[in-house]
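Shown below: entry.tsv, with TSV, C-alpha atoms and all ligand atoms.
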chain	number	residue	atom	x	y	z
A	23	MET	CA	-51.70	87.94	-39.45
A	24	ASN	CA	-55.02	87.54	-37.63
A	25	ARG	CA	-57.61	85.57	-39.67
A	26	HIS	CA	-60.55	83.24	-39.18
A	27	TRP	CA	-62.55	80.71	-41.18
A	28	VAL	CA	-65.81	81.59	-42.92
A	29	LYS	CA	-68.17	79.45	-44.96
A	30	THR	CA	-68.84	80.54	-48.56
A	31	LYS	CA	-72.08	80.05	-50.51
A	32	ASP	CA	-71.10	76.80	-52.22
A	33	GLY	CA	-70.43	75.28	-48.78
A	34	SER	CA	-66.64	75.50	-49.08
A	35	PRO	CA	-64.53	77.37	-46.52
A	36	SER	CA	-62.37	80.45	-46.88
A	37	LEU	CA	-60.43	82.77	-44.58
A	38	TYR	CA	-61.15	86.35	-43.55
A	39	VAL	CA	-58.47	88.89	-42.58
A	40	PRO	CA	-60.12	91.63	-40.49
A	41	GLU	CA	-57.20	94.10	-40.67
A	42	LEU	CA	-57.35	94.11	-44.48
A	43	GLN	CA	-61.11	93.44	-44.69
A	44	GLN	CA	-60.26	90.77	-47.22
A	45	HIS	CA	-61.44	87.24	-47.86
A	46	TYR	CA	-59.14	84.65	-49.44
A	47	HIS	CA	-61.87	83.73	-51.94
A	48	SER	CA	-65.19	84.90	-53.29
A	49	LEU	CA	-68.02	84.62	-50.77
A	50	HIS	CA	-70.16	83.33	-53.67
A	51	GLY	CA	-68.14	80.10	-53.44
A	52	ALA	CA	-64.43	79.51	-52.84
A	53	LEU	CA	-64.30	76.18	-54.60
A	54	GLN	CA	-66.29	77.21	-57.64
A	55	GLU	CA	-64.21	80.40	-57.98
A	56	SER	CA	-60.94	78.51	-57.94
A	57	ARG	CA	-62.24	75.93	-60.41
A	58	HIS	CA	-63.50	78.61	-62.76
A	59	VAL	CA	-60.71	81.23	-62.67
A	60	PHE	CA	-57.62	79.04	-62.51
A	61	ILE	CA	-58.56	75.53	-63.56
A	62	ALA	CA	-61.14	76.02	-66.34
A	63	ALA	CA	-59.82	79.33	-67.73
A	64	GLY	CA	-56.15	78.35	-67.37
A	65	LEU	CA	-55.05	74.81	-66.67
A	66	LEU	CA	-57.61	73.01	-68.82
A	67	THR	CA	-56.74	75.16	-71.85
A	68	LEU	CA	-53.27	73.53	-71.80
A	69	ALA	CA	-54.41	69.93	-71.28
A	70	GLN	CA	-52.59	68.79	-74.42
A	71	GLN	CA	-49.15	69.73	-73.02
A	72	GLU	CA	-47.11	66.90	-71.50
A	73	SER	CA	-45.66	69.16	-68.85
A	74	LEU	CA	-46.48	72.55	-67.41
A	75	SER	CA	-44.92	75.08	-65.08
A	76	ILE	CA	-47.21	77.19	-62.94
A	77	LEU	CA	-46.46	80.19	-60.73
A	78	GLU	CA	-48.99	81.10	-58.09
A	79	ILE	CA	-49.06	84.43	-56.30
A	80	GLY	CA	-50.42	83.66	-52.83
A	81	PHE	CA	-50.30	79.99	-51.76
A	82	GLY	CA	-52.73	80.62	-48.89
A	83	THR	CA	-54.94	77.58	-48.25
A	84	GLY	CA	-53.33	75.55	-51.06
A	85	LEU	CA	-56.70	75.12	-52.79
A	86	ASN	CA	-55.42	76.07	-56.25
A	87	ALA	CA	-52.51	73.64	-55.99
A	88	LEU	CA	-54.83	70.87	-54.77
A	89	LEU	CA	-57.25	71.34	-57.67
A	90	SER	CA	-54.42	71.66	-60.20
A	91	HIS	CA	-53.16	68.22	-59.21
A	92	PHE	CA	-56.51	66.42	-59.27
A	93	GLU	CA	-58.53	68.32	-61.85
A	94	LYS	CA	-56.07	68.81	-64.73
A	95	GLY	CA	-57.27	67.71	-68.16
A	96	ASN	CA	-54.69	64.96	-68.55
A	97	PRO	CA	-53.89	62.80	-65.49
A	98	GLU	CA	-50.38	62.13	-66.84
A	99	GLN	CA	-49.45	65.77	-67.26
A	100	HIS	CA	-46.35	66.71	-65.24
A	101	ILE	CA	-46.80	69.88	-63.21
A	102	CYS	CA	-44.04	71.99	-61.72
A	103	TYR	CA	-45.83	74.29	-59.25
A	104	HIS	CA	-44.10	77.29	-57.69
A	105	SER	CA	-46.07	79.29	-55.17
A	106	LEU	CA	-45.18	82.53	-53.44
A	107	GLU	CA	-46.48	83.38	-49.99
A	108	LYS	CA	-45.59	86.22	-47.64
A	109	TYR	CA	-47.85	85.16	-44.74
A	110	PRO	CA	-47.99	81.32	-44.58
A	111	LEU	CA	-50.85	79.75	-42.64
A	112	GLN	CA	-50.03	78.40	-39.19
A	113	LYS	CA	-50.17	74.62	-38.75
A	114	SER	CA	-53.24	75.01	-36.52
A	115	GLU	CA	-54.97	76.97	-39.31
A	116	TRP	CA	-54.43	74.50	-42.15
A	117	GLU	CA	-55.08	71.53	-39.87
A	118	SER	CA	-58.48	72.85	-38.91
A	119	LEU	CA	-59.59	73.37	-42.51
A	120	GLU	CA	-62.22	71.02	-43.93
A	121	TRP	CA	-63.27	71.02	-47.57
A	122	PRO	CA	-66.36	68.83	-47.09
A	123	GLU	CA	-67.13	68.38	-50.78
A	124	LEU	CA	-63.56	67.36	-51.59
A	125	PHE	CA	-62.51	65.43	-48.49
A	126	THR	CA	-65.62	63.42	-47.69
A	127	GLU	CA	-65.89	61.60	-50.98
A	128	SER	CA	-62.21	61.55	-51.95
A	129	PRO	CA	-59.76	60.79	-49.14
A	130	GLN	CA	-56.88	61.21	-51.62
A	131	TYR	CA	-57.70	64.96	-51.75
A	132	ARG	CA	-57.21	65.21	-47.98
A	133	ASP	CA	-53.92	63.28	-48.08
A	134	PHE	CA	-52.55	65.46	-50.85
A	135	TYR	CA	-53.78	68.62	-49.10
A	136	LEU	CA	-51.78	67.60	-46.02
A	137	SER	CA	-48.70	66.88	-48.16
A	138	LEU	CA	-48.98	70.33	-49.72
A	139	HIS	CA	-48.90	71.97	-46.30
A	140	GLN	CA	-46.31	69.65	-44.76
A	141	ALA	CA	-43.88	70.23	-47.65
A	142	GLU	CA	-40.81	72.20	-46.66
A	143	TRP	CA	-40.68	75.84	-47.64
A	144	ASN	CA	-38.12	77.12	-50.16
A	145	LYS	CA	-37.29	73.63	-51.37
A	146	ASP	CA	-38.25	71.56	-54.44
A	147	CYS	CA	-40.48	68.72	-53.25
A	148	ALA	CA	-41.72	65.88	-55.47
A	149	LEU	CA	-45.11	65.17	-53.91
A	150	ASP	CA	-46.11	62.74	-56.64
A	151	PRO	CA	-44.53	61.47	-59.89
A	152	TYR	CA	-46.64	64.10	-61.65
A	153	PHE	CA	-46.46	67.01	-59.22
A	154	LYS	CA	-43.39	68.95	-58.06
A	155	LEU	CA	-43.95	71.76	-55.59
A	156	CYS	CA	-41.80	74.63	-54.41
A	157	LYS	CA	-43.45	76.97	-51.89
A	158	MET	CA	-41.46	80.16	-51.58
A	159	GLU	CA	-41.84	82.25	-48.45
A	160	GLU	CA	-41.25	85.59	-50.07
A	161	ASP	CA	-42.79	88.98	-50.79
A	162	LEU	CA	-43.93	89.39	-54.38
A	163	LYS	CA	-42.26	92.79	-54.44
A	164	GLN	CA	-38.83	91.27	-53.76
A	165	PHE	CA	-39.36	88.20	-55.96
A	166	GLU	CA	-37.04	87.82	-58.97
A	167	PRO	CA	-38.66	85.15	-61.16
A	168	LYS	CA	-36.99	82.90	-63.69
A	169	LYS	CA	-37.22	84.35	-67.18
A	170	ASP	CA	-39.51	82.75	-69.82
A	171	PHE	CA	-40.25	79.87	-67.45
A	172	TYR	CA	-43.97	79.66	-66.69
A	173	ASP	CA	-46.87	78.49	-68.87
A	174	LEU	CA	-49.42	79.83	-66.40
A	175	ILE	CA	-49.52	82.38	-63.61
A	176	TYR	CA	-52.33	82.21	-61.06
A	177	PHE	CA	-52.36	85.83	-59.88
A	178	ASP	CA	-54.32	85.40	-56.65
A	179	ALA	CA	-53.20	88.32	-54.47
A	180	PHE	CA	-55.63	90.25	-52.24
A	181	SER	CA	-57.62	92.84	-54.13
A	182	PRO	CA	-56.11	96.12	-55.39
A	183	GLU	CA	-58.25	97.96	-52.81
A	184	ALA	CA	-56.27	96.23	-50.04
A	185	GLN	CA	-52.87	95.83	-51.73
A	186	ALA	CA	-52.53	98.44	-54.47
A	187	ASP	CA	-48.75	97.95	-54.54
A	188	LEU	CA	-49.14	94.39	-55.90
A	189	TRP	CA	-51.19	95.36	-58.96
A	190	THR	CA	-48.74	97.78	-60.59
A	191	VAL	CA	-47.05	97.97	-63.98
A	192	GLU	CA	-43.76	97.07	-62.26
A	193	VAL	CA	-45.21	93.85	-60.80
A	194	PHE	CA	-46.89	92.87	-64.09
A	195	GLU	CA	-43.60	93.50	-65.93
A	196	LYS	CA	-42.07	90.87	-63.64
A	197	MET	CA	-44.94	88.51	-64.46
A	198	GLN	CA	-44.48	89.19	-68.17
A	199	THR	CA	-40.78	88.36	-67.90
A	200	ALA	CA	-41.59	85.16	-66.00
A	201	LEU	CA	-44.07	83.89	-68.61
A	202	LYS	CA	-43.05	81.85	-71.63
A	203	SER	CA	-44.10	83.27	-74.97
A	204	GLY	CA	-47.82	82.38	-75.28
A	205	GLY	CA	-48.07	81.90	-71.49
A	206	LYS	CA	-51.18	83.10	-69.68
A	207	LEU	CA	-51.90	84.98	-66.45
A	208	LEU	CA	-55.28	84.45	-64.80
A	209	THR	CA	-56.90	86.62	-62.19
A	210	TYR	CA	-60.33	87.15	-60.68
A	211	CYS	CA	-59.82	90.93	-60.86
A	212	VAL	CA	-61.03	92.80	-63.91
A	213	LYS	CA	-60.67	96.39	-62.71
A	214	GLY	CA	-59.83	98.95	-65.43
A	215	SER	CA	-56.66	100.21	-63.72
A	216	VAL	CA	-55.41	96.64	-63.35
A	217	ARG	CA	-56.03	95.83	-67.02
A	218	ARG	CA	-54.25	99.05	-68.01
A	219	ALA	CA	-51.25	98.09	-65.84
A	220	MET	CA	-51.14	94.67	-67.52
A	221	LYS	CA	-51.29	96.24	-70.99
A	222	ALA	CA	-48.53	98.70	-70.06
A	223	ALA	CA	-46.46	95.64	-69.09
A	224	ASN	CA	-46.86	94.35	-72.63
A	225	LEU	CA	-49.49	91.70	-71.92
A	226	GLU	CA	-52.53	91.14	-74.15
A	227	VAL	CA	-55.58	91.29	-71.90
A	228	GLU	CA	-59.05	89.86	-72.42
A	229	LYS	CA	-62.16	89.94	-70.25
A	230	ILE	CA	-63.88	86.58	-70.08
A	231	PRO	CA	-66.94	85.37	-68.14
A	232	GLY	CA	-66.33	85.23	-64.40
A	233	PRO	CA	-67.30	82.64	-61.80
A	234	PRO	CA	-70.84	82.58	-60.34
A	235	GLY	CA	-71.54	85.94	-58.70
A	236	LYS	CA	-68.98	87.83	-60.82
A	237	ARG	CA	-69.69	88.89	-64.37
A	238	GLU	CA	-66.10	88.88	-65.63
A	239	MET	CA	-62.49	87.91	-64.90
A	240	ALA	CA	-59.24	88.72	-66.70
A	241	ARG	CA	-56.89	86.56	-68.72
A	242	ALA	CA	-53.65	88.06	-70.01
A	243	LYS	CA	-51.25	86.56	-72.50
A	244	LYS	CA	-47.61	87.16	-73.38
A	245	GLN	CA	-47.28	87.49	-77.15
A	301	LIG	C1	-56.68	86.13	-52.02
A	301	LIG	S1	-55.58	85.18	-50.98
A	301	LIG	C2	-55.46	83.74	-52.00
A	301	LIG	C3	-54.71	82.60	-51.42
A	301	LIG	C4	-54.69	81.26	-52.11
A	301	LIG	N1	-54.46	81.30	-53.53
A	301	LIG	C5	-55.87	80.40	-51.74
A	301	LIG	O1	-56.59	79.95	-52.64
A	301	LIG	O2	-56.06	80.16	-50.56
A	301	LIG	C6	-54.07	86.13	-51.21
A	301	LIG	C7	-52.80	85.47	-50.74
A	301	LIG	O3	-51.67	86.31	-51.06
A	301	LIG	C8	-50.76	86.33	-49.95
A	301	LIG	N2	-49.97	87.58	-50.00
A	301	LIG	C9	-50.35	88.80	-49.55
A	301	LIG	N3	-49.38	89.69	-49.79
A	301	LIG	C10	-48.37	89.04	-50.42
A	301	LIG	C11	-47.10	89.46	-50.91
A	301	LIG	N4	-46.69	90.71	-50.82
A	301	LIG	N5	-46.30	88.53	-51.47
A	301	LIG	C12	-46.72	87.22	-51.57
A	301	LIG	N6	-47.93	86.78	-51.12
A	301	LIG	C13	-48.74	87.68	-50.54
A	301	LIG	C14	-51.70	86.25	-48.75
A	301	LIG	O4	-51.04	85.87	-47.58
A	301	LIG	C15	-52.74	85.25	-49.24
A	301	LIG	O5	-52.33	83.93	-48.99
What do you get writing this file as structure tokens?
Ligand SMILES: C[S@@+](CC[C@H](N)C(=O)[O-])C[C@H]1O[C@@H](n2cnc3c(N)ncnc32)[C@H](O)[C@@H]1O
Amino acid sequence: MNRHWVKTKDGSPSLYVPELQQHYHSLHGALQESRHVFIAAGLLTLAQQESLSILEIGFGTGLNALLSHFEKGNPEQHICYHSLEKYPLQKSEWESLEWPELFTESPQYRDFYLSLHQAEWNKDCALDPYFKLCKMEEDLKQFEPKKDFYDLIYFDAFSPEAQADLWTVEVFEKMQTALKSGGKLLTYCVKGSVRRAMKAANLEVEKIPGPPGKREMARAKKQ
């Protein structure tokens, strides 16, 4: 997949894929989007739990995993992080990435970022006593998730305009099966057809305030 780095409005980088005309993050700010959609609206709502399992759709740059480790509400919370990716970044791509705001002041962010990318694919890797990672090189459409396993799903696929086949009732039924009862799915996308597909998959959907530059985002819950 051909892609190149771009700078977003909050100064943090993202990637652009010309053939899909898609960015990996919001151009209003990659870092602030990730913090808002996945960390604040998801992870921090479960800060009281001793342990958590998270499924991410689209590992990409690893930004969501990085923030989940460092910016969780309780530093002693154990996280089991599974992330699906069909088109992993090349070594040269993730090596050339700089998150100035994160890396300059906190070298531990850079070290952990490198560990995330160096971790073997399709294998459980304990990167830290509090963070277990399994990156799965797999297509979401073929993925058969564990049942009732995840507290949170970070649904961070490319937009439905570019990948309509990933935002279907069938895919959200899989996500519903994968979630524990009371588990939540977060996504930046709030499109009507997407919310209808989630509802048809038996998820309760709410629209909540979105990150800067986007009025709303969606949070879905398994009853
Ligand atoms: C919007 S980007 C977000 C990436 C990542 N969460 C980040 O913050 O960098 C979408 C990601 O989904 C991945 N992807 C696209 N199609 C996929 C598929 N069918 N199955 C799994 N992952 C896919 C892309 O390669 C890309 O990494």
Selection: 12 Å around range 121-129 of chain A, all atoms listed in the file, excl. self and same-chain fewer than 5 positions, as a count of residues only: 24
List every residue of chain A that has an atom at most 8 Å from any atom of ligand LIG 301 (chain A), giving for each one its closest atom pair and the distance in Å to one decimal, counting only C-alpha atoms and all ligand atoms, sorted by chain and then by ascending residue number, as a tab-separated table.
residue	atom	partner	partner_atom	distance
A:Ser36	CA	A:LIG301	O2	7.3
A:Leu37	CA	A:LIG301	O2	7.9
A:Gln44	CA	A:LIG301	C1	7.6
A:His45	CA	A:LIG301	C1	6.4
A:Tyr46	CA	A:LIG301	C1	3.9
A:His47	CA	A:LIG301	C1	5.7
A:Ala52	CA	A:LIG301	O1	7.9
A:Ser56	CA	A:LIG301	O1	7.0
A:Glu78	CA	A:LIG301	N1	7.1
A:Ile79	CA	A:LIG301	N6	5.8
A:Gly80	CA	A:LIG301	O3	3.4
A:Phe81	CA	A:LIG301	C4	4.6
A:Gly82	CA	A:LIG301	O5	3.3
A:Thr83	CA	A:LIG301	O2	3.6
A:Gly84	CA	A:LIG301	O2	5.4
A:Leu85	CA	A:LIG301	O1	4.8
A:Asn86	CA	A:LIG301	O1	5.4
A:Leu106	CA	A:LIG301	C12	5.3
A:Glu107	CA	A:LIG301	N6	3.9
A:Lys108	CA	A:LIG301	C12	4.2
A:Tyr109	CA	A:LIG301	O4	4.3
A:Pro110	CA	A:LIG301	O4	6.2
A:Leu111	CA	A:LIG301	O5	7.7
A:Glu159	CA	A:LIG301	C12	7.6
A:Glu160	CA	A:LIG301	C12	5.9
A:Asp161	CA	A:LIG301	N5	3.6
A:Leu162	CA	A:LIG301	N5	3.9
A:Lys163	CA	A:LIG301	N4	6.1
A:Tyr176	CA	A:LIG301	N1	7.9
A:Asp178	CA	A:LIG301	C2	5.1
A:Ala179	CA	A:LIG301	C6	4.0
A:Phe180	CA	A:LIG301	C1	4.3
A:Ser181	CA	A:LIG301	C1	7.1
A:Gln185	CA	A:LIG301	N3	7.3
A:Leu188	CA	A:LIG301	N4	6.7
Filtering to C-alpha atoms, could you give me those residues as an mmCIF file, in the coordinates of the input?
data_model
loop_
_atom_site.group_PDB
_atom_site.id
_atom_site.type_symbol
_atom_site.label_atom_id
_atom_site.label_comp_id
_atom_site.auth_asym_id
_atom_site.auth_seq_id
_atom_site.Cartn_x
_atom_site.Cartn_y
_atom_site.Cartn_z
ATOM 1 C CA SER A 36 -62.370 80.450 -46.880
ATOM 2 C CA LEU A 37 -60.430 82.770 -44.580
ATOM 3 C CA GLN A 44 -60.260 90.770 -47.220
ATOM 4 C CA HIS A 45 -61.440 87.240 -47.860
ATOM 5 C CA TYR A 46 -59.140 84.650 -49.440
ATOM 6 C CA HIS A 47 -61.870 83.730 -51.940
ATOM 7 C CA ALA A 52 -64.430 79.510 -52.840
ATOM 8 C CA SER A 56 -60.940 78.510 -57.940
ATOM 9 C CA GLU A 78 -48.990 81.100 -58.090
ATOM 10 C CA ILE A 79 -49.060 84.430 -56.300
ATOM 11 C CA GLY A 80 -50.420 83.660 -52.830
ATOM 12 C CA PHE A 81 -50.300 79.990 -51.760
ATOM 13 C CA GLY A 82 -52.730 80.620 -48.890
ATOM 14 C CA THR A 83 -54.940 77.580 -48.250
ATOM 15 C CA GLY A 84 -53.330 75.550 -51.060
ATOM 16 C CA LEU A 85 -56.700 75.120 -52.790
ATOM 17 C CA ASN A 86 -55.420 76.070 -56.250
ATOM 18 C CA LEU A 106 -45.180 82.530 -53.440
ATOM 19 C CA GLU A 107 -46.480 83.380 -49.990
ATOM 20 C CA LYS A 108 -45.590 86.220 -47.640
ATOM 21 C CA TYR A 109 -47.850 85.160 -44.740
ATOM 22 C CA PRO A 110 -47.990 81.320 -44.580
ATOM 23 C CA LEU A 111 -50.850 79.750 -42.640
ATOM 24 C CA GLU A 159 -41.840 82.250 -48.450
ATOM 25 C CA GLU A 160 -41.250 85.590 -50.070
ATOM 26 C CA ASP A 161 -42.790 88.980 -50.790
ATOM 27 C CA LEU A 162 -43.930 89.390 -54.380
ATOM 28 C CA LYS A 163 -42.260 92.790 -54.440
ATOM 29 C CA TYR A 176 -52.330 82.210 -61.060
ATOM 30 C CA ASP A 178 -54.320 85.400 -56.650
ATOM 31 C CA ALA A 179 -53.200 88.320 -54.470
ATOM 32 C CA PHE A 180 -55.630 90.250 -52.240
ATOM 33 C CA SER A 181 -57.620 92.840 -54.130
ATOM 34 C CA GLN A 185 -52.870 95.830 -51.730
ATOM 35 C CA LEU A 188 -49.140 94.390 -55.900
#
Counting all atoms listed in the file, which residues in range 122-216 of chain A sit no more than 7 Å from range 230-239 of chain A? For each one, give the nearest pair of atoms and the distance in Å, sorted by chain then residue number, as CSV.
residue,atom,partner,partner_atom,distance
A:Thr209,CA,A:Met239,CA,6.3
A:Tyr210,CA,A:Met239,CA,4.8
A:Cys211,CA,A:Met239,CA,5.7
A:Val212,CA,A:Met239,CA,5.2
Which of A:Leu149, A:Val216, A:Leu207, A:Ile76 sits closest to Pro182 in chain A [using all atoms listed in the file]: A:Val216
My list of candidates is A:Arg217, A:Lys243, A:Lys154, A:Lys206. Which is closest to Leu66 in chain A when distances are computed with all atoms listed in the file?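 Using all atoms listed in the file, the shortest distance to Leu66 in chain A belongs to A:Lys206.
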For CA of Val191 in chain A and CA of Met158 in chain A, quote the distance in Å rounded to one decimal.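 A separation of 22.4 Å between them.
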So the first atom is CA of His91 in chain A and the second is CA of Glu120 in chain A; what is the distance between them in Å, to one decimal place?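 Those two atoms sit 18.0 Å apart.
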Gap from CA of Lys221 in chain A to CA of Ser203 in chain A - Å, one decimal: 15.4 Å
Find the residue from A:Ser75, A:Ser105, A:Thr190, A:Gln164 that sits nearest to Ala219 in chain A; use only C-alpha atoms when measuring.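 Comparing A:Ser75, A:Ser105, A:Thr190, A:Gln164 against Ala219 in chain A, the winner is A:Thr190.
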Exercise: Pro151 in chain A partners within 12 Å, all atoms listed in the file, chain neighbours under 2 positions left out, as a list of chain:residue names: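 These residues fall inside the cut-off: A:Ser73, A:His91, A:Pro97, A:Glu98, A:Gln99, A:His100, A:Ile101, A:Cys102, A:Cys147, A:Ala148, A:Leu149, A:Phe153, A:Lys154, A:Leu155.
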Between A:Tyr152, A:Tyr103, A:Phe171, A:Trp189, which one has atoms that come closest to Ala87 in chain A, using all atoms listed in the file?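 For Ala87 in chain A, the nearest of the given residues is A:Tyr103.
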Let me make sure I understand: among A:Glu41, A:Glu226, A:Asp133, A:Glu55, which one has the smallest atom-to-atom distance to Gln245 in chain A if we use only C-alpha atoms?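 Of the candidates, the smallest distance to Gln245 in chain A is held by A:Glu226.
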Exercise: Thr199 in chain A partners within 9 Å, all atoms listed in the file, chain neighbours under 4 positions left out, as a PDB file with C-alpha atoms, keeping the file's coordinate frame:
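Okay, selection-v3.pdb is ready:
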ATOM      1  CA  PRO A 167     -38.660  85.150 -61.160  1.00  0.00           C
ATOM      2  CA  LYS A 168     -36.990  82.900 -63.690  1.00  0.00           C
ATOM      3  CA  LYS A 169     -37.220  84.350 -67.180  1.00  0.00           C
ATOM      4  CA  ASP A 170     -39.510  82.750 -69.820  1.00  0.00           C
ATOM      5  CA  PHE A 171     -40.250  79.870 -67.450  1.00  0.00           C
ATOM      6  CA  PHE A 194     -46.890  92.870 -64.090  1.00  0.00           C
ATOM      7  CA  GLU A 195     -43.600  93.500 -65.930  1.00  0.00           C
ATOM      8  CA  LYS A 244     -47.610  87.160 -73.380  1.00  0.00           C
TER       9      LYS A 244
END
Using all atoms listed in the file for the distances, tell me which of A:Val193, A:Ala184, A:Met220, A:Ala69 is nearest to Phe165 in chain A.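 Comparing A:Val193, A:Ala184, A:Met220, A:Ala69 against Phe165 in chain A, the winner is A:Val193.
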To test the calculation: enclose all listed atoms of range 53-64 of chain A in a box whose edges run along x, y and z, add 5 Å on each side, then state centre and edge lengths in Å to one decimal, as JSON.
{"center_x": -61.2, "center_y": 78.4, "center_z": -61.2, "size_x": 20.1, "size_y": 15.7, "size_z": 23.1}
Excluding same-chain residues fewer than 2 positions from Leu208 in chain A, what lies within 7 Å of it counting all atoms listed in the file, as a list in words? Val59, Phe60, Gly64, Ile175, Tyr176, Phe177, Lys206, Ala240, Arg241 and Ala242 of chain A
